[in-house]
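*Asks:* Quick one, entry07.csv (CSV, C-alpha atoms):
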chain,number,residue,atom,x,y,z
F,363,MET,CA,-24.4,-6.8,-16.5
F,364,PRO,CA,-21.1,-6.9,-14.6
F,365,HIS,CA,-20.8,-4.8,-11.5
F,366,THR,CA,-18.9,-1.6,-11.9
F,367,PHE,CA,-16.7,-0.2,-9.2
F,368,HIS,CA,-16.8,3.6,-9.0
F,369,SER,CA,-13.8,5.1,-7.3
F,370,PRO,CA,-14.0,8.7,-5.9
F,371,LEU,CA,-10.6,9.3,-7.3
F,372,ARG,CA,-11.3,8.1,-10.8
F,373,ARG,CA,-12.5,11.3,-12.4
F,374,HIS,CA,-11.1,14.1,-10.3
F,375,PRO,CA,-8.3,12.8,-8.1
F,376,VAL,CA,-6.7,16.3,-7.7
F,377,ARG,CA,-10.0,17.9,-6.7
F,378,HIS,CA,-10.6,15.2,-4.1
F,379,LEU,CA,-7.2,15.7,-2.6
F,380,LEU,CA,-7.7,19.5,-2.4
F,381,ALA,CA,-11.0,18.9,-0.7
F,382,LEU,CA,-9.5,16.6,1.8
F,383,GLY,CA,-6.7,19.0,2.3
F,384,ALA,CA,-9.2,21.7,3.2
F,385,THR,CA,-10.8,19.3,5.6
F,386,ALA,CA,-7.4,18.7,7.2
F,387,ALA,CA,-6.9,22.5,7.6
F,388,LEU,CA,-10.2,22.7,9.4
F,389,LEU,CA,-9.3,19.7,11.6
F,390,ALA,CA,-6.1,21.3,12.6
F,391,HIS,CA,-8.0,24.2,14.3
F,392,ALA,CA,-10.9,22.2,15.6
F,393,PRO,CA,-11.2,21.6,19.4
F,394,ALA,CA,-11.0,17.8,18.8
F,395,HIS,CA,-7.6,18.1,17.3
F,396,ALA,CA,-4.9,16.6,19.5
F,397,ASP,CA,-2.3,18.9,20.9
F,398,THR,CA,0.3,16.2,21.1
F,399,GLY,CA,-1.3,13.4,19.1
F,400,LYS,CA,0.4,10.0,18.9
F,401,LEU,CA,4.1,9.3,19.6
F,402,LEU,CA,6.1,10.0,16.5
F,403,LEU,CA,6.1,7.2,13.9
F,404,THR,CA,4.0,4.8,16.0
F,405,GLY,CA,1.1,5.5,13.7
F,406,GLY,CA,3.1,4.2,10.7
F,407,VAL,CA,3.4,6.0,7.4
F,408,SER,CA,1.3,5.5,4.3
F,409,THR,CA,1.5,2.4,2.1
F,410,ILE,CA,1.3,2.5,-1.7
F,411,ASP,CA,-2.2,1.1,-1.2
F,412,GLY,CA,-3.3,4.1,1.0
F,413,ALA,CA,-3.6,2.4,4.4
F,414,ALA,CA,-1.4,3.3,7.4
F,415,GLY,CA,1.6,1.0,7.9
F,416,GLY,CA,4.9,0.6,6.2
F,417,GLY,CA,5.5,1.5,2.5
F,418,LEU,CA,4.4,-2.0,1.2
F,419,SER,CA,2.3,-3.5,4.0
F,420,PRO,CA,-0.5,-2.2,6.2
F,421,TRP,CA,-0.3,-2.3,10.0
F,422,ALA,CA,-3.0,-2.6,12.6
F,423,VAL,CA,-2.5,1.1,13.5
F,424,ILE,CA,-5.0,3.8,12.5
F,425,GLY,CA,-3.5,6.5,10.4
F,426,SER,CA,-3.3,10.3,11.3
F,427,GLN,CA,-2.3,12.0,14.5
F,428,ALA,CA,-5.8,11.7,16.1
F,429,THR,CA,-6.2,9.6,19.3
F,430,GLU,CA,-9.4,8.3,21.0
F,431,GLY,CA,-12.3,10.7,20.6
F,432,GLN,CA,-10.8,12.6,17.7
F,433,THR,CA,-10.8,12.6,14.0
F,434,GLY,CA,-7.6,13.0,12.0
F,435,PHE,CA,-6.4,13.2,8.4
F,436,SER,CA,-3.3,12.2,6.4
F,437,ALA,CA,-2.2,12.5,2.8
F,438,HIS,CA,0.8,11.0,1.0
F,439,LEU,CA,2.8,11.2,-2.2
F,440,SER,CA,5.1,8.3,-3.1
F,441,HIS,CA,7.5,7.4,-6.0
F,442,ALA,CA,9.2,4.1,-6.7
F,443,ARG,CA,11.8,3.6,-9.4
F,444,THR,CA,13.3,0.3,-10.6
F,445,GLN,CA,15.4,-0.7,-13.6
F,446,ASP,CA,12.4,-0.9,-15.9
F,447,TYR,CA,9.4,0.6,-14.2
F,448,ARG,CA,8.2,3.8,-12.5
F,449,LEU,CA,5.4,4.0,-10.0
F,450,ASN,CA,3.7,7.1,-8.6
F,451,ALA,CA,1.1,6.9,-5.9
F,452,PHE,CA,-0.9,9.4,-3.9
F,453,GLY,CA,-3.8,9.2,-1.5
F,454,ALA,CA,-5.5,10.3,1.7
F,455,ALA,CA,-6.9,8.7,4.8
F,456,VAL,CA,-9.2,9.7,7.6
F,457,GLY,CA,-8.8,8.2,11.1
F,458,ILE,CA,-11.9,8.2,13.4
F,459,ASN,CA,-11.7,7.7,17.2
F,460,ASP,CA,-8.4,5.7,16.7
F,461,ARG,CA,-10.7,2.9,15.7
F,462,VAL,CA,-11.7,3.3,12.1
F,463,GLU,CA,-9.6,4.3,9.0
F,464,LEU,CA,-11.0,5.1,5.6
F,465,SER,CA,-8.5,5.6,2.7
F,466,VAL,CA,-8.3,6.3,-1.0
F,467,ALA,CA,-5.3,6.0,-3.3
F,468,ARG,CA,-4.3,6.2,-6.9
F,469,GLN,CA,-1.4,4.3,-8.4
F,470,ASP,CA,0.2,5.2,-11.8
F,471,LEU,CA,2.7,2.7,-13.2
F,472,ASP,CA,4.8,3.6,-16.2
F,473,THR,CA,5.4,0.2,-17.9
F,474,GLY,CA,8.5,1.4,-19.8
F,475,ILE,CA,10.1,-1.3,-22.0
F,476,THR,CA,7.2,-3.7,-21.3
F,477,GLY,CA,4.7,-1.4,-22.9
F,478,THR,CA,7.0,-0.8,-25.9
F,479,LEU,CA,7.6,-4.5,-26.6
F,480,LEU,CA,3.8,-5.1,-26.4
F,481,GLY,CA,3.3,-2.5,-29.1
F,482,LEU,CA,2.0,0.0,-26.5
F,483,PRO,CA,4.7,2.6,-26.1
F,484,GLY,CA,4.0,5.0,-23.2
F,485,LEU,CA,1.6,2.5,-21.6
F,486,LYS,CA,0.6,3.5,-18.1
F,487,LEU,CA,-1.5,1.4,-15.7
F,488,LYS,CA,-3.7,3.4,-13.3
F,489,GLN,CA,-5.3,1.8,-10.3
F,490,ASP,CA,-7.8,3.2,-7.9
F,491,ILE,CA,-8.0,1.8,-4.4
F,492,VAL,CA,-10.6,2.4,-1.7
F,493,GLY,CA,-9.9,0.9,1.7
F,494,ALA,CA,-11.3,0.6,5.2
F,495,LYS,CA,-9.6,-0.7,8.4
F,496,PHE,CA,-11.1,-1.4,11.8
F,497,ARG,CA,-9.2,-1.9,15.0
F,498,VAL,CA,-10.9,-4.8,16.8
F,499,ALA,CA,-8.6,-5.4,19.8
F,500,GLY,CA,-5.6,-4.1,21.7
F,501,ASP,CA,-3.9,-0.8,21.8
F,502,ALA,CA,-0.3,-0.5,20.6
F,503,ILE,CA,0.6,2.2,23.2
F,504,LEU,CA,-1.4,1.2,26.2
F,505,ASP,CA,-0.5,-2.5,25.8
F,506,SER,CA,3.1,-1.9,25.0
F,507,ASP,CA,4.2,-3.4,28.4
F,508,THR,CA,2.2,-6.6,27.8
F,509,LEU,CA,2.2,-9.3,25.0
F,510,MET,CA,-1.2,-8.1,23.7
F,511,PRO,CA,-0.8,-6.7,20.1
F,512,GLN,CA,-3.1,-4.3,18.4
F,513,ILE,CA,-5.3,-6.2,16.0
F,514,ALA,CA,-7.2,-4.9,12.9
F,515,VAL,CA,-9.1,-6.2,9.9
F,516,GLY,CA,-9.3,-4.4,6.6
F,517,VAL,CA,-10.6,-4.4,3.1
F,518,MET,CA,-9.2,-2.9,-0.1
F,519,ALA,CA,-11.4,-2.6,-3.3
F,520,LYS,CA,-9.2,-2.1,-6.3
F,521,ARG,CA,-10.0,-1.2,-9.9
F,522,LEU,CA,-7.5,-1.0,-12.8
F,523,GLY,CA,-8.3,1.7,-15.5
F,524,SER,CA,-9.0,0.6,-19.0
F,525,THR,CA,-5.9,0.6,-21.3
F,526,GLY,CA,-4.6,-1.2,-24.4
F,527,LEU,CA,-3.7,-4.1,-22.1
F,528,ASP,CA,-7.4,-5.0,-21.5
F,529,SER,CA,-7.5,-7.6,-24.3
F,530,THR,CA,-4.3,-9.3,-23.0
F,531,LEU,CA,-5.6,-9.5,-19.4
F,532,SER,CA,-9.0,-10.8,-20.7
F,533,ALA,CA,-7.3,-13.5,-22.7
F,534,LEU,CA,-5.4,-14.6,-19.6
F,535,GLY,CA,-8.6,-14.7,-17.6
F,536,ALA,CA,-7.6,-11.8,-15.3
F,537,LYS,CA,-10.2,-9.3,-14.2
F,538,ARG,CA,-9.6,-5.5,-13.9
F,539,SER,CA,-11.2,-5.3,-10.4
F,540,GLY,CA,-10.9,-7.2,-7.2
F,541,THR,CA,-10.9,-7.0,-3.4
F,542,ASP,CA,-8.3,-7.8,-0.9
F,543,LEU,CA,-9.2,-8.8,2.7
F,544,TYR,CA,-6.6,-8.8,5.5
F,545,VAL,CA,-6.1,-9.1,9.2
F,546,ASN,CA,-3.0,-7.8,11.0
F,547,ALA,CA,-1.4,-7.6,14.4
F,548,THR,CA,1.0,-4.9,15.4
F,549,LYS,CA,3.1,-5.2,18.6
F,550,LEU,CA,5.0,-2.2,19.9
F,551,PHE,CA,7.7,-2.9,22.5
F,552,LEU,CA,8.0,0.8,23.6
F,553,ALA,CA,10.9,0.3,26.1
F,554,GLN,CA,13.0,-1.4,23.4
F,555,GLY,CA,11.9,0.9,20.6
F,556,LEU,CA,10.8,-2.1,18.5
F,557,LEU,CA,7.6,-2.5,16.4
F,558,VAL,CA,6.7,-5.8,14.8
F,559,ASN,CA,3.7,-6.3,12.4
F,560,GLY,CA,2.3,-9.4,10.8
F,561,THR,CA,-0.4,-9.3,8.1
F,562,LEU,CA,-2.3,-12.1,6.4
F,563,ARG,CA,-3.9,-11.0,3.2
F,564,ALA,CA,-6.6,-12.9,1.1
F,565,THR,CA,-6.0,-11.8,-2.4
F,566,LYS,CA,-6.2,-12.6,-6.1
F,567,ALA,CA,-4.2,-9.5,-7.1
F,568,ASN,CA,-1.4,-9.9,-9.7
F,569,GLN,CA,1.5,-7.5,-8.8
F,570,GLY,CA,-0.8,-5.8,-6.3
F,571,GLY,CA,-3.6,-5.5,-8.8
F,572,LEU,CA,-1.6,-3.6,-11.4
F,573,LEU,CA,-1.8,-6.6,-13.7
F,574,GLY,CA,-5.4,-7.4,-12.8
F,575,HIS,CA,-6.8,-10.0,-10.5
F,576,GLY,CA,-6.8,-13.8,-10.9
F,577,ALA,CA,-6.3,-15.9,-14.1
F,578,THR,CA,-8.1,-18.8,-15.7
F,579,LEU,CA,-6.2,-19.6,-18.9
F,580,GLY,CA,-4.7,-23.1,-18.8
F,581,GLY,CA,-6.6,-24.0,-15.7
F,582,ALA,CA,-4.8,-21.5,-13.5
F,583,ASP,CA,-6.1,-21.4,-9.9
F,584,ASN,CA,-8.5,-18.4,-9.7
F,585,GLY,CA,-9.3,-18.6,-6.0
F,586,TYR,CA,-8.2,-16.4,-3.2
F,587,GLU,CA,-4.8,-17.1,-1.7
F,588,LEU,CA,-3.5,-16.3,1.8
F,589,MET,CA,-0.3,-14.2,1.5
F,590,PRO,CA,1.8,-13.4,4.6
F,591,GLU,CA,3.4,-10.0,5.2
F,592,LEU,CA,5.9,-9.0,7.8
F,593,SER,CA,7.3,-5.6,9.0
F,594,VAL,CA,9.9,-4.8,11.6
F,595,ALA,CA,10.8,-1.2,12.6
F,596,TRP,CA,13.4,-0.1,15.2
F,597,LEU,CA,13.2,3.4,16.6
F,598,LEU,CA,16.8,4.7,16.7
F,599,ARG,CA,15.4,7.8,18.4
F,600,LYS,CA,11.9,9.2,18.8
F,601,ASN,CA,11.7,10.7,15.3
F,602,LEU,CA,13.9,8.2,13.3
F,603,ALA,CA,13.3,4.5,12.5
F,604,VAL,CA,14.8,1.9,10.3
F,605,GLY,CA,13.4,-1.5,9.3
F,606,PHE,CA,12.4,-3.9,6.7
F,607,GLU,CA,9.3,-5.3,5.1
F,608,TYR,CA,8.3,-8.5,3.3
F,609,ARG,CA,5.1,-9.0,1.3
F,610,ALA,CA,4.4,-12.4,-0.4
F,611,MET,CA,2.8,-12.1,-3.8
F,612,PRO,CA,0.5,-14.6,-5.5
F,613,ASP,CA,1.8,-16.1,-8.8
F,614,LYS,CA,-1.5,-16.6,-10.6
F,615,LEU,CA,-0.4,-15.3,-14.0
F,616,ASN,CA,2.5,-17.7,-14.3
F,617,LYS,CA,0.4,-20.8,-15.3
F,618,ALA,CA,-1.8,-18.7,-17.6
F,619,GLY,CA,1.3,-17.2,-19.2
F,620,ALA,CA,2.7,-20.7,-19.8
F,621,ALA,CA,-0.5,-21.8,-21.4
F,622,ALA,CA,-0.2,-18.7,-23.7
F,623,GLY,CA,3.3,-19.8,-24.8
F,624,LEU,CA,5.2,-17.4,-22.6
F,625,GLY,CA,6.9,-20.0,-20.4
F,626,ASP,CA,7.5,-18.4,-17.0
F,627,GLY,CA,7.4,-14.9,-18.6
F,628,LEU,CA,4.7,-13.7,-16.3
F,629,ARG,CA,6.3,-15.1,-13.1
F,630,ALA,CA,5.9,-12.8,-10.0
F,631,GLY,CA,8.3,-12.5,-7.1
F,632,ASP,CA,7.7,-11.4,-3.5
F,633,TRP,CA,8.2,-7.7,-2.6
F,634,LYS,CA,10.8,-6.6,0.0
F,635,ASP,CA,12.3,-3.4,1.2
F,636,ILE,CA,14.8,-1.9,3.7
F,637,PHE,CA,13.7,1.6,4.9
F,638,ILE,CA,14.5,4.6,7.0
F,639,ALA,CA,11.7,6.9,8.1
F,640,TRP,CA,12.2,10.3,9.6
F,641,ALA,CA,9.6,12.6,11.2
F,642,PRO,CA,11.0,16.2,11.3
F,643,SER,CA,7.8,17.2,13.0
F,644,LYS,CA,4.7,15.5,14.3
F,645,ASN,CA,2.8,16.3,11.1
F,646,VAL,CA,5.4,15.3,8.5
F,647,SER,CA,7.3,12.1,7.9
F,648,LEU,CA,9.6,11.1,5.1
F,649,THR,CA,10.5,7.6,4.1
F,650,LEU,CA,13.4,6.4,1.9
F,651,ALA,CA,13.8,2.7,1.0
F,652,TYR,CA,15.7,0.2,-1.1
F,653,VAL,CA,13.0,-2.0,-2.8
F,654,ASP,CA,13.2,-5.4,-4.4
F,655,LEU,CA,10.0,-6.2,-6.2
F,656,GLY,CA,11.2,-9.5,-7.7
F,657,THR,CA,10.4,-10.2,-11.3
F,658,VAL,CA,7.7,-8.2,-13.0
F,659,VAL,CA,6.8,-9.5,-16.5
F,660,PRO,CA,10.2,-11.1,-17.0
F,661,ALA,CA,9.3,-12.0,-20.6
F,662,THR,CA,9.9,-8.4,-21.5
F,663,THR,CA,12.6,-7.5,-19.0
F,664,LYS,CA,15.1,-10.3,-19.5
F,665,GLY,CA,14.2,-11.9,-16.2
F,666,LYS,CA,15.8,-9.1,-14.2
F,667,LYS,CA,14.8,-8.5,-10.6
F,668,GLN,CA,13.2,-5.1,-10.3
F,669,THR,CA,15.2,-3.4,-7.6
F,670,GLY,CA,15.5,0.3,-6.9
F,671,THR,CA,14.5,3.2,-4.7
F,672,TYR,CA,11.3,4.3,-3.0
F,673,LEU,CA,10.6,7.8,-1.6
F,674,SER,CA,7.4,8.9,0.2
F,675,ALA,CA,6.2,12.0,2.1
F,676,GLN,CA,3.2,11.9,4.4
F,677,PHE,CA,1.4,14.8,6.1
F,678,ALA,CA,-0.8,13.9,9.1
F,679,PHE,CA,-3.0,15.9,11.4
What is this structure when it is put down as structure tokens?
*Replies:*
Amino acid sequence: MPHTFHSPLRRHPVRHLLALGATAALLAHAPAHADTGKLLLTGGVSTIDGAAGGGLSPWAVIGSQATEGQTGFSAHLSHARTQDYRLNAFGAAVGINDRVELSVARQDLDTGITGTLLGLPGLKLKQDIVGAKFRVAGDAILDSDTLMPQIAVGVMAKRLGSTGLDSTLSALGAKRSGTDLYVNATKLFLAQGLLVNGTLRATKANQGGLLGHGATLGGADNGYELMPELSVAWLLRKNLAVGFEYRAMPDKLNKAGAAAGLGDGLRAGDWKDIFIAWAPSKNVSLTLAYVDLGTVVPATTKGKKQTGTYLSAQFAF
């Protein structure tokens, strides 16, 4: 019998966020809560996968305002809009002792014209993600005057909900669940107001997992691939940062799609963004970005690059 991944967000996502919100309220009044917390924006924001970092790629930082010896909480809501797709994401994370981060997230993709042309109008792909991150070396703040970066390792278990697309993914040899493993290094040059992050992710995920994991049709390579990711952020002032991100994506469905007679109709492109992040207070940050997700199922979108806007709000304690 195949293994079944049970996400805590799968049945009652709103109930879980309300429960985590109540926990955050308690933490805000607990003795362990930081009076000042971390420097603004140095803990990153929330990625669409739920981990702390940029919007697209996780960083080695531990989310929330909590520092060593404390426990903190963060929650986020995000929306991305391109020419043919709409993505909503929400989630929450707990940071423990500035050493461990546990996160949950739900993604909801409106497939737009793609679903219609597949005979599935109104098709939405829902993905649940449970993640864990561990800081293994360095301290971004304390080591800001040295060359030592903060280093973390992480894991993300992903599961795509069942839809009318199941039979298509199965025919391509793609699975609805998979696990990403990653290691990242974040270097903060505090005096210069510059943050640089590099991530190396082992993954089989197609379009971040929203089109399943791996592919076998036509002899497609179904193994893990190492995908690089890069983020650079410049602090214009203590509560305002600008930057860019790059996240390489595997192209596993392309060969399987060709074997199914789709040519390069399932070709995937790398993800990129240019962002501005503003923290009006130590507990709230807002991120606005221009995103370029490359091609997403070009067979149904006339090969257009999927560019558009991304907006995210994070609340951290």
*Asks:* For atom CA of Thr662 of chain F and atom CA of Arg538 of chain F, quote the distance in Å rounded to one decimal.
*Replies:*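 So the two atoms, atom CA of Thr662 of chain F and atom CA of Arg538 of chain F, lie 21.1 Å apart.
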*Asks:* So, counting all atoms listed in the file, which residue among F:Val558, F:Met510, F:Ala467, F:Leu504 is closest to Trp596 of chain F?
*Replies:*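 Closest to Trp596 of chain F of all the choices is F:Val558.
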*Asks:* Between atom CA of Gly493 of chain F and atom CA of Gly415 of chain F, what distance in Å does the model show, to one decimal?
*Replies:*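 Between atom CA of Gly493 of chain F and atom CA of Gly415 of chain F the gap works out to 13.1 Å.
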*Asks:* Compare F:Val604, F:Leu572, F:Leu588, F:Ala437 by their minimum atom-to-atom distance to Asp470 of chain F, counting all atoms listed in the file, and give me the closest one.
*Replies:*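 For Asp470 of chain F, the nearest of the candidates is F:Leu572.
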*Asks:* I'd like the interatomic distance between atom CA of Val646 of chain F and atom CA of Phe677 of chain F, to a tenth of an Å.
*Replies:*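 Interatomic distance, atom CA of Val646 of chain F to atom CA of Phe677 of chain F: 4.7 Å.
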*Asks:* Name all residues at most 9 Å from Leu557 of chain F (count only C-alpha atoms; drop same-chain ones fewer than 2 positions away) and give them as JSON, numbers by chain.
*Replies:* {"F": [404, 548, 549, 550, 551, 552, 554, 555, 559, 593, 594, 595, 596, 597]}
*Asks:* Output C-alpha atoms of each residue in that selection to a file, as a PDB file, keeping the file's coordinate frame.
*Replies:*
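The result, written out as again.pdb:
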ATOM      1  CA  THR F 404       4.000   4.800  16.000  1.00  0.00           C
ATOM      2  CA  THR F 548       1.000  -4.900  15.400  1.00  0.00           C
ATOM      3  CA  LYS F 549       3.100  -5.200  18.600  1.00  0.00           C
ATOM      4  CA  LEU F 550       5.000  -2.200  19.900  1.00  0.00           C
ATOM      5  CA  PHE F 551       7.700  -2.900  22.500  1.00  0.00           C
ATOM      6  CA  LEU F 552       8.000   0.800  23.600  1.00  0.00           C
ATOM      7  CA  GLN F 554      13.000  -1.400  23.400  1.00  0.00           C
ATOM      8  CA  GLY F 555      11.900   0.900  20.600  1.00  0.00           C
ATOM      9  CA  ASN F 559       3.700  -6.300  12.400  1.00  0.00           C
ATOM     10  CA  SER F 593       7.300  -5.600   9.000  1.00  0.00           C
ATOM     11  CA  VAL F 594       9.900  -4.800  11.600  1.00  0.00           C
ATOM     12  CA  ALA F 595      10.800  -1.200  12.600  1.00  0.00           C
ATOM     13  CA  TRP F 596      13.400  -0.100  15.200  1.00  0.00           C
ATOM     14  CA  LEU F 597      13.200   3.400  16.600  1.00  0.00           C
TER      15      LEU F 597
END
*Asks:* Neighbours of Leu543 of chain F within 9 Å (all atoms listed in the file; same-chain residues fewer than 3 positions away dropped), as a list in words?
*Replies:*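 The neighbour list is Val515, Gly516, Val517, Met518, Ala519, Leu562, Arg563, Ala564 and Thr565 of chain F.
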*Asks:* In terms of the shortest atom-to-atom distance over only C-alpha atoms, which of F:Glu430, F:Asp507, F:Asp460, F:Asp583 is closest to Pro612 of chain F?
*Replies:*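 So, comparing all the options, the nearest one is F:Asp583.
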*Asks:* Using all atoms listed in the file, find each residue in segment 424-520 of chain F having at least one atom no more than 10 Å away from segment 652-657 of chain F; report its shortest atom-to-atom pair and that distance in Å (one decimal), rows by chain then rising number, as a tab-separated table.
*Replies:*
residue	atom	partner	partner_atom	distance
F:Ala442	CA	F:Val653	CA	8.2
F:Arg443	CA	F:Val653	CA	8.7
F:Thr444	CA	F:Val653	CA	8.1
*Asks:* Which polymer residues, whether protein, DNA or RNA, lie within 7 Å of the coordinate (8.2, -5.6, 1.3) when you count all atoms listed in the file? List them as a list in words, using the chain letters and numbers from the file.
*Replies:*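 Selection result: Leu418, Ser419, Glu607, Tyr608, Arg609, Trp633, Lys634 and Asp635 of chain F.
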*Asks:* Write out as a short mmCIF file (atom, residue, chain, number, x, y, z; two decimals) with C-alpha atoms, in the frame of the given file each polymer residue whose atoms come within 9 Å of Leu471 of chain F, counting all atoms listed in the file; drop sequence neighbours fewer than 5 positions from it.
*Replies:*
data_model
loop_
_atom_site.label_atom_id
_atom_site.label_comp_id
_atom_site.auth_asym_id
_atom_site.auth_seq_id
_atom_site.Cartn_x
_atom_site.Cartn_y
_atom_site.Cartn_z
CA TYR F 447 9.40 0.60 -14.20
CA ARG F 448 8.20 3.80 -12.50
CA LEU F 449 5.40 4.00 -10.00
CA ASN F 450 3.70 7.10 -8.60
CA ALA F 451 1.10 6.90 -5.90
CA LEU F 485 1.60 2.50 -21.60
CA LYS F 486 0.60 3.50 -18.10
CA LEU F 487 -1.50 1.40 -15.70
CA LYS F 488 -3.70 3.40 -13.30
CA GLN F 489 -5.30 1.80 -10.30
CA LEU F 572 -1.60 -3.60 -11.40
#
